[in-house]
Amino acid sequence: MGSMTALRPLDPVALRRDFPLFERDFGGRTLAYLDSAATSLKPRAVIEAVDGYNARYTANVHRGIYTTGEEATAAYEGAREKVARFLNAAESAEIVFVRNATEAINLVAATWGQVNVRAGDRIVLTELEHHANLIPWQLLAQRTGAVLEFIPIDDEGRLDQAAYAALLATAPRLVAFTAVSNALGTIDPVREMTAAAHAAGALVLVDAAQAVPHAFVDVQAWGADFVVFSGHKVLGPTGSGALWARRALLEAMPPFMGGGEMIREVRLRSATWNDVPWKFEAGTPDVAAAIGLGAAVDYLAAIGMENVREHERGLTRYALELLPREVPGIRLFGPRSADERAGIVTFTLPEAHPHDVATLLDRDAIAIRAGHHCTQPLHERLGEPATARASFNVYSTTEDLDRLAAGLRSVQRVFARSA
Amino acid sequence: MGSMTALRPLDPVALRRDFPLFERDFGGRTLAYLDSAATSLKPRAVIEAVDGYNARYTANVHRGIYTTGEEATAAYEGAREKVARFLNAAESAEIVFVRNATEAINLVAATWGQVNVRAGDRIVLTELEHHANLIPWQLLAQRTGAVLEFIPIDDEGRLDQAAYAALLATAPRLVAFTAVSNALGTIDPVREMTAAAHAAGALVLVDAAQAVPHAFVDVQAWGADFVVFSGHKVLGPTGSGALWARRALLEAMPPFMGGGEMIREVRLRSATWNDVPWKFEAGTPDVAAAIGLGAAVDYLAAIGMENVREHERGLTRYALELLPREVPGIRLFGPRSADERAGIVTFTLPEAHPHDVATLLDRDAIAIRAGHHCTQPLHERLGEPATARASFNVYSTTEDLDRLAAGLRSVQRVFARSA
Amino acid sequence: MDDLYRDEILEHYRRPHNFGTLESPDASVEGSNPLCGDRITLMLAVGEDGRVEDVAFTGRGCAISQASASMLTDEIRGRSLAEVEELTNQVVLDLLGIEISPARLKCALLSIDTVKKAAAQVRGAGDAAGA
Amino acid sequence: MDDLYRDEILEHYRRPHNFGTLESPDASVEGSNPLCGDRITLMLAVGEDGRVEDVAFTGRGCAISQASASMLTDEIRGRSLAEVEELTNQVVLDLLGIEISPARLKCALLSIDTVKKAAAQVRGAGDAAGA
Ligand SMILES: Cc1ncc(COP(=O)(O)O)c(C=O)c1O
Ligand SMILES: Cc1ncc(COP(=O)(O)O)c(C=O)c1O
């Protein structure tokens, strides 16, 4: 288990050898990939796990009474067990494979929500949320007449816990919030907020899309009811992801999509459902992606998520110190302390729009994200329609950040030209 | 376009070299893979397309203002164009990427259905349908009070067109049927049934999951309103698939899942939607799978779907002739003529249950499917809880079928033992 | 090579023991394996002493599912309900004596799942009556 | 290396031409690019002769979007509405004179999309009045 690993410094330069993208030449340089919060690079172990299924034991799962079919099923269900262990779930039946965090939240809104949420019921969200954790609840509210409430943030992007307490006093049905803000890097106090919600009688959904890649997530310690994440942000393939939920909840929920695999017995006009988690996996699953995700969490577990967290905290501290020193006038968003944030640093330059910054950095083979990062309401709150964001993963180095700082200086020179 | 390709015999033995699974040793033999209707094997071109994205230009799509982000977006949207061309769609905006055919049907039922289907409305299905084209309509009927009606089949598995005409006279809202039965191989008269439905004022959804792999599907010639298929059955990766629908329909449909990508402007309590097809693609798509699907349809287009159809018709004719001759007492299901069926041959032996057949064939490295093939109501109608099924794709050979016949003889010997 | 299916299994499949129904069973349970279409109906008669006095089944399905029902019904005759409920899956696998691949496990275990449900049903009825 | 952003573009970005509002425009259209947050409001005044008499914009966004609006508004002054509506995207790309990557295309074309909508609005109003 990750929590048992002794803390030993992670060597990103050594790990980079596992990521073939760093072998590619970008105008005489490697890519300074600083957009890991959007999607992570993939290690060879993941690429080969996907290849193995595609090349050596391609078969549909749960049905084939032949060698490759049994291998595919074992690999697919084995990946579920790996993910369960990685999250410290009580059992693998609590892991539902989905395409991405977005689908997981939609699944909960459409099944648990449809059955449990009535007109006038309150759902508490936050101003920090990614659109993935907003729109499904807006759609549910439209269908049911539920009311959405929002925990505001302070100027460093922390959730206002007093306001949260006041919202809990209105007895909401559900609190859904992100464990780590993808736009600011803020780490929210998941355990405390979950306990408070439970004390108020609300269920809790945690959007762990930015938490799972960066630290050890222990769903039992969190104590929440639903936890979601995307595989493609944790070194896994696109198309992989998981919903974790307590078994009793899953069992009580109606199905999401209908089709093969999720059924037990089918008649022309009625049907009964399979056991969980398969009840929620209609049709041929993305077998290759799930197997790749299993390889990804194995890779991360071998590194130790505490080491990943330490590494990223170090990079964040380095960036928070380096950028204001090297880049005059840069504005940083989010908590000032690296201890309060994951490996995400968001900023604007006074002279150049984030899009121009990203375009100019690209010519130096530096990849950052510019825009609203799927958090328009948060950007509204920040008073900036767009920001620039650098985000890290295990393969990120201080050299990447040095290149970023130098790149930003050169952007400033372009914009200062003939001014 | 496929329809322009001159008919030239497809050489499956040469094509097998493109499929690495045939390099694997199964006890001194290659695998006689006869379960292509469940999922197809993948050619190297597909495996390498997926690898290319995972190893050389991993990035999220539609957002990154940097080289790899633009490459990923171009490859993803390029795959959409390839699929549009492969289906002869009027434009690529009519192609929505989904995980599989199942998701596509659920999408239509949950969006078009939710808006257009009222209590008492009729939806016409058939007794042939895969669970994927049954359960979503059962769920919709439960939610809306719509009524499901079924076109019966004759003893060879053909749809009863007189009964269909009678059902159309009741003015249904939608007719949803499979172009090719996955259990019997029956090819349904899509064009005629669609025209009749339209004349009766109904929309038409065609489940092309078994049609797209086996013949040239021209959505404009079909004239239907919705067409769905799964990539993993057309040499593409798991996690890929498409819904085709006319643009005007897509534009009028409410969104399916909510999240990033499918939005235009988001406020805390409301949002507006992106253009089609992205309105229906919430969250990070399965970029790798879509790119792999693009490579798969390129591969098939180069072969020419007419040639694929001819090849499979030849194999089916061979099997329909071989099996009754070599395997005493074998019972074959579905139309007697290979012209009326795709590359699928379904059967039972008098002495052995299909599961025992499959287990015994496996020891000879022959992979077939045994069970109800996700068509329980059809099997109820056939009076068999389970059947055995051999199904083909471009790499299938008459030698595979010879091995199957010999394998079935040896199953019969086992069951005759000491009887 | 044919040890995948031992003669004994084929023998039980062709001429299953305890095949039929009971006149007045203490429990009658239907078990099915929808994915395969395997199906058995199992009846149990329990004596004063709490032991399986008689057992019968009818069913349809693959050799593995039907032979395992045939063998297992032999096995439980005379056993106490408590013993029956504590039978492990391994017992059935040992009775079959061949290697069962994961995809066929449900076929092999249909009989024991159904037998245990029947035993629990008798016990439940007894408890309910006693209560 | 800095020809990604020619001096002229930066010049237009810093000191945009036609920046402001019109007193009584014949059309006023807001265009936005939610993904980027680029935004412009464009106003058009059209003379008796159906030609663009005056044009002004306000906005906020990246250099590409704002410079293209600045350059394009210069370009359309004096043109007939029909001409404006027939402008191709290439016109804007030529005005910018730098290579625009696909991801930035929306920034570059925000101005022309908005200008055309404004021209269509004036024409629509005219048609409606004439009808
Ligand atoms: C006719 C038909 N429809 C739908 C499906 C469902 O496909 P998938 O499981 O890829 O969603 C299948 C595949 O099994 C099929 O054969
Ligand atoms: C906090 C958060 N939630 C949800 C998502 C949605 O992830 P996906 O697009 O993989 O569904 C993201 C990723 O962008 C995220 O950062």
# chains A, B, ... in the order shown; residues from 1 in each chain; ligands from 1

$ residues_around --residues "A:Tyr395" --least-positions-apart "2" --cutoff "12 Å" --atoms "only C-alpha atoms" --output "ChimeraX atom specification"
/A:10-22,31-36,40-43,234-235,300,303,308,311-312,315,343,391-393,397-400

$ write_last_selection --atoms "N, CA and C atoms" --output "short mmCIF file (atom, residue, chain, number, x, y, z; two decimals), in the first residue's frame"
data_model
loop_
_atom_site.label_atom_id
_atom_site.label_comp_id
_atom_site.auth_asym_id
_atom_site.auth_seq_id
_atom_site.Cartn_x
_atom_site.Cartn_y
_atom_site.Cartn_z
N LEU A 10 12.05 11.01 -5.19
CA LEU A 10 11.76 10.48 -6.52
C LEU A 10 12.74 11.15 -7.49
N ASP A 11 13.30 10.36 -8.37
CA ASP A 11 14.25 10.91 -9.34
C ASP A 11 13.58 11.06 -10.70
N PRO A 12 13.10 12.25 -10.98
CA PRO A 12 12.33 12.43 -12.22
C PRO A 12 13.18 12.20 -13.46
N VAL A 13 14.45 12.50 -13.37
CA VAL A 13 15.31 12.35 -14.55
C VAL A 13 15.42 10.87 -14.92
N ALA A 14 15.51 10.02 -13.88
CA ALA A 14 15.54 8.58 -14.15
C ALA A 14 14.19 8.13 -14.69
N LEU A 15 13.11 8.62 -14.09
CA LEU A 15 11.78 8.19 -14.54
C LEU A 15 11.49 8.61 -15.97
N ARG A 16 12.05 9.73 -16.38
CA ARG A 16 11.79 10.21 -17.76
C ARG A 16 12.14 9.17 -18.80
N ARG A 17 13.10 8.31 -18.47
CA ARG A 17 13.47 7.27 -19.44
C ARG A 17 12.31 6.31 -19.70
N ASP A 18 11.36 6.25 -18.78
CA ASP A 18 10.19 5.38 -18.99
C ASP A 18 9.15 6.01 -19.91
N PHE A 19 9.32 7.27 -20.23
CA PHE A 19 8.29 7.99 -21.01
C PHE A 19 8.82 8.31 -22.40
N PRO A 20 8.38 7.54 -23.39
CA PRO A 20 8.97 7.69 -24.73
C PRO A 20 8.79 9.07 -25.34
N LEU A 21 7.84 9.85 -24.83
CA LEU A 21 7.66 11.16 -25.44
C LEU A 21 8.92 12.02 -25.27
N PHE A 22 9.69 11.73 -24.24
CA PHE A 22 10.91 12.53 -24.03
C PHE A 22 12.03 12.17 -25.01
N LEU A 31 10.59 18.07 -24.93
CA LEU A 31 9.43 18.90 -24.60
C LEU A 31 9.41 19.16 -23.09
N ALA A 32 9.27 20.43 -22.72
CA ALA A 32 9.00 20.75 -21.32
C ALA A 32 7.48 20.68 -21.16
N TYR A 33 7.01 19.48 -20.81
CA TYR A 33 5.56 19.26 -20.78
C TYR A 33 5.01 19.69 -19.43
N LEU A 34 4.36 20.81 -19.41
CA LEU A 34 3.83 21.37 -18.17
C LEU A 34 2.31 21.46 -18.22
N ASP A 35 1.69 20.45 -18.84
CA ASP A 35 0.22 20.42 -18.90
C ASP A 35 -0.31 19.07 -18.39
N SER A 36 0.32 18.56 -17.37
CA SER A 36 -0.07 17.24 -16.87
C SER A 36 -1.44 17.24 -16.21
N SER A 40 -1.80 13.34 -18.57
CA SER A 40 -0.42 13.00 -18.26
C SER A 40 0.20 12.26 -19.43
N LEU A 41 1.51 12.26 -19.48
CA LEU A 41 2.22 11.41 -20.44
C LEU A 41 2.07 9.96 -19.98
N LYS A 42 2.41 9.02 -20.87
CA LYS A 42 2.23 7.59 -20.56
C LYS A 42 3.58 6.89 -20.52
N PRO A 43 3.82 6.13 -19.45
CA PRO A 43 5.06 5.36 -19.40
C PRO A 43 4.97 4.13 -20.31
N VAL A 234 -3.56 10.02 -14.63
CA VAL A 234 -2.68 9.27 -13.72
C VAL A 234 -1.81 8.31 -14.51
N LEU A 235 -1.30 8.77 -15.63
CA LEU A 235 -0.38 8.00 -16.48
C LEU A 235 -1.10 6.91 -17.26
N LEU A 300 2.69 3.64 -10.48
CA LEU A 300 2.71 4.67 -9.44
C LEU A 300 2.87 4.07 -8.05
N ILE A 303 6.42 3.47 -7.32
CA ILE A 303 7.13 4.70 -6.95
C ILE A 303 6.75 5.10 -5.53
N VAL A 308 5.57 10.72 -4.74
CA VAL A 308 5.03 11.58 -5.80
C VAL A 308 4.62 12.92 -5.20
N HIS A 311 7.62 15.01 -4.27
CA HIS A 311 8.25 15.53 -5.49
C HIS A 311 7.48 16.75 -6.00
N GLU A 312 6.16 16.61 -6.03
CA GLU A 312 5.37 17.71 -6.59
C GLU A 312 5.32 18.90 -5.66
N LEU A 315 8.46 20.72 -6.38
CA LEU A 315 8.39 21.49 -7.63
C LEU A 315 7.52 22.73 -7.46
N GLY A 343 0.48 19.92 -7.53
CA GLY A 343 1.46 20.36 -8.52
C GLY A 343 0.88 21.17 -9.67
N SER A 391 1.50 22.62 -14.88
CA SER A 391 1.18 21.54 -13.94
C SER A 391 2.11 20.35 -14.17
N PHE A 392 2.30 19.59 -13.09
CA PHE A 392 3.41 18.64 -13.04
C PHE A 392 2.94 17.20 -12.86
N ASN A 393 3.87 16.31 -13.13
CA ASN A 393 3.68 14.92 -12.77
C ASN A 393 5.05 14.34 -12.43
N THR A 397 10.55 18.28 -13.92
CA THR A 397 11.83 18.62 -13.28
C THR A 397 11.92 20.11 -13.03
N THR A 398 12.86 20.48 -12.16
CA THR A 398 13.12 21.91 -11.96
C THR A 398 13.65 22.53 -13.25
N GLU A 399 14.27 21.73 -14.08
CA GLU A 399 14.74 22.26 -15.36
C GLU A 399 13.55 22.71 -16.21
N ASP A 400 12.47 21.93 -16.19
CA ASP A 400 11.26 22.36 -16.90
C ASP A 400 10.85 23.75 -16.43
#

$ residues_around --residues "B:Asn60" --least-positions-apart "3" --cutoff "9 Å" --atoms "only C-alpha atoms" --output "number ranges by chain"
A: 35, 38-40; B: 63-64, 68-69, 72-73, 284-285, 287

$ residues_around --residues "D:Thr88" --least-positions-apart "2" --cutoff "12 Å" --atoms "only C-alpha atoms" --output "PDB file with N, CA, C and O atoms, in the first residue's frame"
ATOM      1  N   LEU D  72      -8.921  44.708 -39.201  1.00  0.00           N
ATOM      2  CA  LEU D  72     -10.086  44.449 -40.047  1.00  0.00           C
ATOM      3  C   LEU D  72     -11.024  45.649 -40.075  1.00  0.00           C
ATOM      4  O   LEU D  72     -11.625  45.956 -41.111  1.00  0.00           O
ATOM      5  N   GLU D  83     -19.968  43.571 -49.913  1.00  0.00           N
ATOM      6  CA  GLU D  83     -18.537  43.249 -49.908  1.00  0.00           C
ATOM      7  C   GLU D  83     -18.105  42.696 -48.560  1.00  0.00           C
ATOM      8  O   GLU D  83     -17.373  41.715 -48.482  1.00  0.00           O
ATOM      9  N   VAL D  84     -18.566  43.343 -47.505  1.00  0.00           N
ATOM     10  CA  VAL D  84     -18.174  42.913 -46.157  1.00  0.00           C
ATOM     11  C   VAL D  84     -18.652  41.490 -45.909  1.00  0.00           C
ATOM     12  O   VAL D  84     -17.899  40.647 -45.403  1.00  0.00           O
ATOM     13  N   GLU D  85     -19.874  41.230 -46.309  1.00  0.00           N
ATOM     14  CA  GLU D  85     -20.399  39.892 -46.037  1.00  0.00           C
ATOM     15  C   GLU D  85     -19.664  38.823 -46.838  1.00  0.00           C
ATOM     16  O   GLU D  85     -19.695  37.653 -46.489  1.00  0.00           O
ATOM     17  N   GLU D  86     -19.028  39.237 -47.914  1.00  0.00           N
ATOM     18  CA  GLU D  86     -18.331  38.251 -48.737  1.00  0.00           C
ATOM     19  C   GLU D  86     -16.849  38.116 -48.385  1.00  0.00           C
ATOM     20  O   GLU D  86     -16.124  37.333 -49.024  1.00  0.00           O
ATOM     21  N   GLN D  90      -9.549  34.296 -45.233  1.00  0.00           N
ATOM     22  CA  GLN D  90      -8.186  34.503 -45.695  1.00  0.00           C
ATOM     23  C   GLN D  90      -7.797  35.983 -45.607  1.00  0.00           C
ATOM     24  O   GLN D  90      -6.639  36.318 -45.364  1.00  0.00           O
ATOM     25  N   VAL D  91      -8.777  36.862 -45.794  1.00  0.00           N
ATOM     26  CA  VAL D  91      -8.497  38.297 -45.713  1.00  0.00           C
ATOM     27  C   VAL D  91      -7.869  38.636 -44.363  1.00  0.00           C
ATOM     28  O   VAL D  91      -6.855  39.346 -44.288  1.00  0.00           O
ATOM     29  N   VAL D  92      -8.456  38.098 -43.301  1.00  0.00           N
ATOM     30  CA  VAL D  92      -7.930  38.390 -41.965  1.00  0.00           C
ATOM     31  C   VAL D  92      -6.550  37.769 -41.791  1.00  0.00           C
ATOM     32  O   VAL D  92      -5.634  38.397 -41.255  1.00  0.00           O
ATOM     33  N   LEU D  93      -6.412  36.556 -42.275  1.00  0.00           N
ATOM     34  CA  LEU D  93      -5.120  35.887 -42.122  1.00  0.00           C
ATOM     35  C   LEU D  93      -4.046  36.662 -42.888  1.00  0.00           C
ATOM     36  O   LEU D  93      -2.916  36.810 -42.408  1.00  0.00           O
ATOM     37  N   ASP D  94      -4.418  37.183 -44.045  1.00  0.00           N
ATOM     38  CA  ASP D  94      -3.453  37.975 -44.810  1.00  0.00           C
ATOM     39  C   ASP D  94      -3.105  39.265 -44.077  1.00  0.00           C
ATOM     40  O   ASP D  94      -1.956  39.681 -44.047  1.00  0.00           O
ATOM     41  N   LEU D  95      -4.116  39.886 -43.497  1.00  0.00           N
ATOM     42  CA  LEU D  95      -3.857  41.120 -42.743  1.00  0.00           C
ATOM     43  C   LEU D  95      -2.879  40.846 -41.603  1.00  0.00           C
ATOM     44  O   LEU D  95      -1.938  41.609 -41.374  1.00  0.00           O
ATOM     45  N   LEU D 109     -10.144  34.719 -36.076  1.00  0.00           N
ATOM     46  CA  LEU D 109     -11.367  34.886 -36.872  1.00  0.00           C
ATOM     47  C   LEU D 109     -12.530  35.481 -36.085  1.00  0.00           C
ATOM     48  O   LEU D 109     -13.596  35.738 -36.652  1.00  0.00           O
ATOM     49  N   SER D 111     -12.882  38.460 -35.094  1.00  0.00           N
ATOM     50  CA  SER D 111     -13.239  39.778 -35.638  1.00  0.00           C
ATOM     51  C   SER D 111     -14.087  39.623 -36.902  1.00  0.00           C
ATOM     52  O   SER D 111     -15.104  40.296 -37.049  1.00  0.00           O
ATOM     53  N   ILE D 112     -13.679  38.774 -37.809  1.00  0.00           N
ATOM     54  CA  ILE D 112     -14.426  38.697 -39.067  1.00  0.00           C
ATOM     55  C   ILE D 112     -15.803  38.081 -38.845  1.00  0.00           C
ATOM     56  O   ILE D 112     -16.787  38.509 -39.452  1.00  0.00           O
ATOM     57  N   ASP D 113     -15.880  37.105 -37.948  1.00  0.00           N
ATOM     58  CA  ASP D 113     -17.202  36.547 -37.637  1.00  0.00           C
ATOM     59  C   ASP D 113     -18.131  37.649 -37.129  1.00  0.00           C
ATOM     60  O   ASP D 113     -19.301  37.736 -37.523  1.00  0.00           O
ATOM     61  N   VAL D 115     -17.827  40.973 -37.473  1.00  0.00           N
ATOM     62  CA  VAL D 115     -18.075  41.984 -38.506  1.00  0.00           C
ATOM     63  C   VAL D 115     -19.169  41.518 -39.451  1.00  0.00           C
ATOM     64  O   VAL D 115     -20.075  42.277 -39.816  1.00  0.00           O
ATOM     65  N   LYS D 116     -19.101  40.258 -39.841  1.00  0.00           N
ATOM     66  CA  LYS D 116     -20.108  39.757 -40.783  1.00  0.00           C
ATOM     67  C   LYS D 116     -21.491  39.707 -40.142  1.00  0.00           C
ATOM     68  O   LYS D 116     -22.498  39.981 -40.805  1.00  0.00           O
TER      69      LYS D 116
END

$ closest_atom_pairs --of "chain A" --to "chain D" --cutoff "10 Å" --atoms "only C-alpha atoms" --output "JSON lines"
{"residue": "A:Glu351", "atom": "CA", "partner": "D:Arg14", "partner_atom": "CA", "distance": 9.5}
{"residue": "A:Ala352", "atom": "CA", "partner": "D:Cys62", "partner_atom": "CA", "distance": 7.3}
{"residue": "A:His353", "atom": "CA", "partner": "D:Cys62", "partner_atom": "CA", "distance": 4.9}
{"residue": "A:Pro354", "atom": "CA", "partner": "D:Cys62", "partner_atom": "CA", "distance": 7.3}
{"residue": "A:His355", "atom": "CA", "partner": "D:Cys62", "partner_atom": "CA", "distance": 6.2}
{"residue": "A:Asp356", "atom": "CA", "partner": "D:Cys62", "partner_atom": "CA", "distance": 6.1}
{"residue": "A:Val357", "atom": "CA", "partner": "D:Cys62", "partner_atom": "CA", "distance": 9.2}
{"residue": "A:Thr359", "atom": "CA", "partner": "D:Arg104", "partner_atom": "CA", "distance": 8.4}
{"residue": "A:Leu360", "atom": "CA", "partner": "D:Leu4", "partner_atom": "CA", "distance": 7.5}
{"residue": "A:Arg363", "atom": "CA", "partner": "D:Met1", "partner_atom": "CA", "distance": 8.4}
{"residue": "A:Asp364", "atom": "CA", "partner": "D:Met1", "partner_atom": "CA", "distance": 9.9}
{"residue": "A:Ala370", "atom": "CA", "partner": "D:Cys36", "partner_atom": "CA", "distance": 7.7}
{"residue": "A:Gly371", "atom": "CA", "partner": "D:Cys36", "partner_atom": "CA", "distance": 5.1}
{"residue": "A:His372", "atom": "CA", "partner": "D:Leu35", "partner_atom": "CA", "distance": 6.8}
{"residue": "A:His373", "atom": "CA", "partner": "D:Leu35", "partner_atom": "CA", "distance": 8.6}
{"residue": "A:Cys374", "atom": "CA", "partner": "D:Leu35", "partner_atom": "CA", "distance": 8.4}
{"residue": "A:Gln376", "atom": "CA", "partner": "D:Pro34", "partner_atom": "CA", "distance": 8.6}
{"residue": "A:His379", "atom": "CA", "partner": "D:Gly37", "partner_atom": "CA", "distance": 9.6}
{"residue": "A:Glu384", "atom": "CA", "partner": "D:Gly37", "partner_atom": "CA", "distance": 8.4}
{"residue": "A:Pro385", "atom": "CA", "partner": "D:Gly37", "partner_atom": "CA", "distance": 4.8}
{"residue": "A:Ala386", "atom": "CA", "partner": "D:Gly37", "partner_atom": "CA", "distance": 5.9}
{"residue": "A:Thr387", "atom": "CA", "partner": "D:Cys36", "partner_atom": "CA", "distance": 9.2}
{"residue": "A:Ser410", "atom": "CA", "partner": "D:Asp2", "partner_atom": "CA", "distance": 9.7}
{"residue": "A:Val411", "atom": "CA", "partner": "D:Asp2", "partner_atom": "CA", "distance": 9.4}
{"residue": "A:Arg413", "atom": "CA", "partner": "D:Asp2", "partner_atom": "CA", "distance": 9.8}
{"residue": "A:Val414", "atom": "CA", "partner": "D:Asp2", "partner_atom": "CA", "distance": 6.9}
{"residue": "A:Phe415", "atom": "CA", "partner": "D:Leu10", "partner_atom": "CA", "distance": 7.0}
{"residue": "A:Ala416", "atom": "CA", "partner": "D:Leu10", "partner_atom": "CA", "distance": 9.2}
{"residue": "A:Arg417", "atom": "CA", "partner": "D:Asp7", "partner_atom": "CA", "distance": 7.6}
{"residue": "A:Ser418", "atom": "CA", "partner": "D:Asp7", "partner_atom": "CA", "distance": 7.4}
{"residue": "A:Ala419", "atom": "CA", "partner": "D:Glu11", "partner_atom": "CA", "distance": 7.6}

$ residues_near_ligand --ligand "ligand 2" --cutoff "6 Å" --atoms "only C-alpha atoms and all ligand atoms" --output "count of residues only"
15

$ select_by_dssp --residues "stretch 11-102 of chain C" --states "strand (DSSP E)" --output "list of chain:residue names"
C:Ala27, C:Ser28, C:Val29, C:Glu30, C:Gly31, C:Ser32, C:Asn33, C:Asp38, C:Arg39, C:Ile40, C:Thr41, C:Leu42, C:Met43, C:Leu44, C:Ala45, C:Val46, C:Val52, C:Glu53, C:Asp54, C:Val55, C:Ala56, C:Phe57, C:Thr58, C:Gly59, C:Arg60

$ residues_around --residues "C:Asp49" --least-positions-apart "4" --cutoff "12 Å" --atoms "only C-alpha atoms" --output "VMD selection string"
chain C and resid 45 53 78 to 82

$ write_last_selection --atoms "C-alpha atoms" --output "compact mmCIF listing (two decimals), in the first residue's frame"
# COMPACT_ATOMS: atom_id res chain seq x y z
CA ALA C 45 -36.65 -33.45 1.91
CA GLU C 53 -33.51 -37.57 3.63
CA GLY C 78 -27.74 -38.08 4.72
CA ARG C 79 -25.87 -34.93 5.67
CA SER C 80 -27.15 -32.42 8.20
CA LEU C 81 -28.41 -29.06 6.93
CA ALA C 82 -25.62 -27.32 8.80

$ residues_around --residues "D:Val55" --least-positions-apart "2" --cutoff "9 Å" --atoms "only C-alpha atoms" --output "PyMOL selection string"
chain D and resi 18-19+21-22+25+42-46+52-53+57+73-74+76-77

$ residues_around --residues "A:Gln161" --least-positions-apart "4" --cutoff "12 Å" --atoms "only C-alpha atoms" --output "list in words"
Thr126, Phe150, Ile151, Pro152, Ile153, Asp154, Gly157, Ala165, Ala166, Leu167, Leu168, Asp188, Pro189, Val190, Glu192, Met193, Ala196 and Ala197 of chain A

$ select_by_dssp --residues "stretch 31-134 of chain B" --states "helix (DSSP H, G or I)" --output "ChimeraX atom specification"
/B:44-55,67-86,92-94,101-116,131-133

$ atom_distance --atom1 "atom CA of A:Arg56" --atom2 "atom CA of B:Val46"
13.7 Å

$ atom_distance --atom1 "atom CA of A:Thr111" --atom2 "atom CA of A:Ser240"
20.3 Å

$ atom_distance --atom1 "atom CA of A:Leu323" --atom2 "atom CA of A:Leu378"
22.8 Å

$ residues_around --residues "A:Gly258" --least-positions-apart "4" --cutoff "6 Å" --atoms "only C-alpha atoms" --output "PyMOL selection string"
(chain A and resi 282) or (chain B and resi 135-136)

$ write_last_selection --atoms "all heavy atoms" --output "compact mmCIF listing (two decimals), in the first residue's frame"
# COMPACT_ATOMS: atom_id res chain seq x y z
N ALA A 282 -22.49 -1.11 -19.18
CA ALA A 282 -23.26 -1.64 -20.31
C ALA A 282 -22.40 -1.72 -21.56
O ALA A 282 -21.65 -0.80 -21.86
CB ALA A 282 -24.46 -0.74 -20.57
N ILE B 135 -32.71 -2.90 -24.07
CA ILE B 135 -32.78 -2.33 -22.72
C ILE B 135 -32.91 -0.81 -22.72
O ILE B 135 -33.72 -0.28 -21.95
CB ILE B 135 -31.55 -2.75 -21.87
CG1 ILE B 135 -31.28 -4.25 -22.01
CG2 ILE B 135 -31.74 -2.36 -20.42
CD1 ILE B 135 -32.22 -5.13 -21.28
N PRO B 136 -32.18 -0.09 -23.55
CA PRO B 136 -32.36 1.37 -23.50
C PRO B 136 -33.80 1.78 -23.79
O PRO B 136 -34.30 2.74 -23.20
CB PRO B 136 -31.41 1.89 -24.59
CG PRO B 136 -30.38 0.83 -24.74
CD PRO B 136 -31.10 -0.47 -24.49

$ closest_residue --among "B:Ser92, B:Ser396, B:Thr144, B:Thr58" --to "chain A" --atoms "only C-alpha atoms"
B:Thr58

$ closest_residue --among "B:Asn116, B:Thr375, B:Asn307, B:Thr186" --to "chain A" --atoms "only C-alpha atoms"
B:Thr375
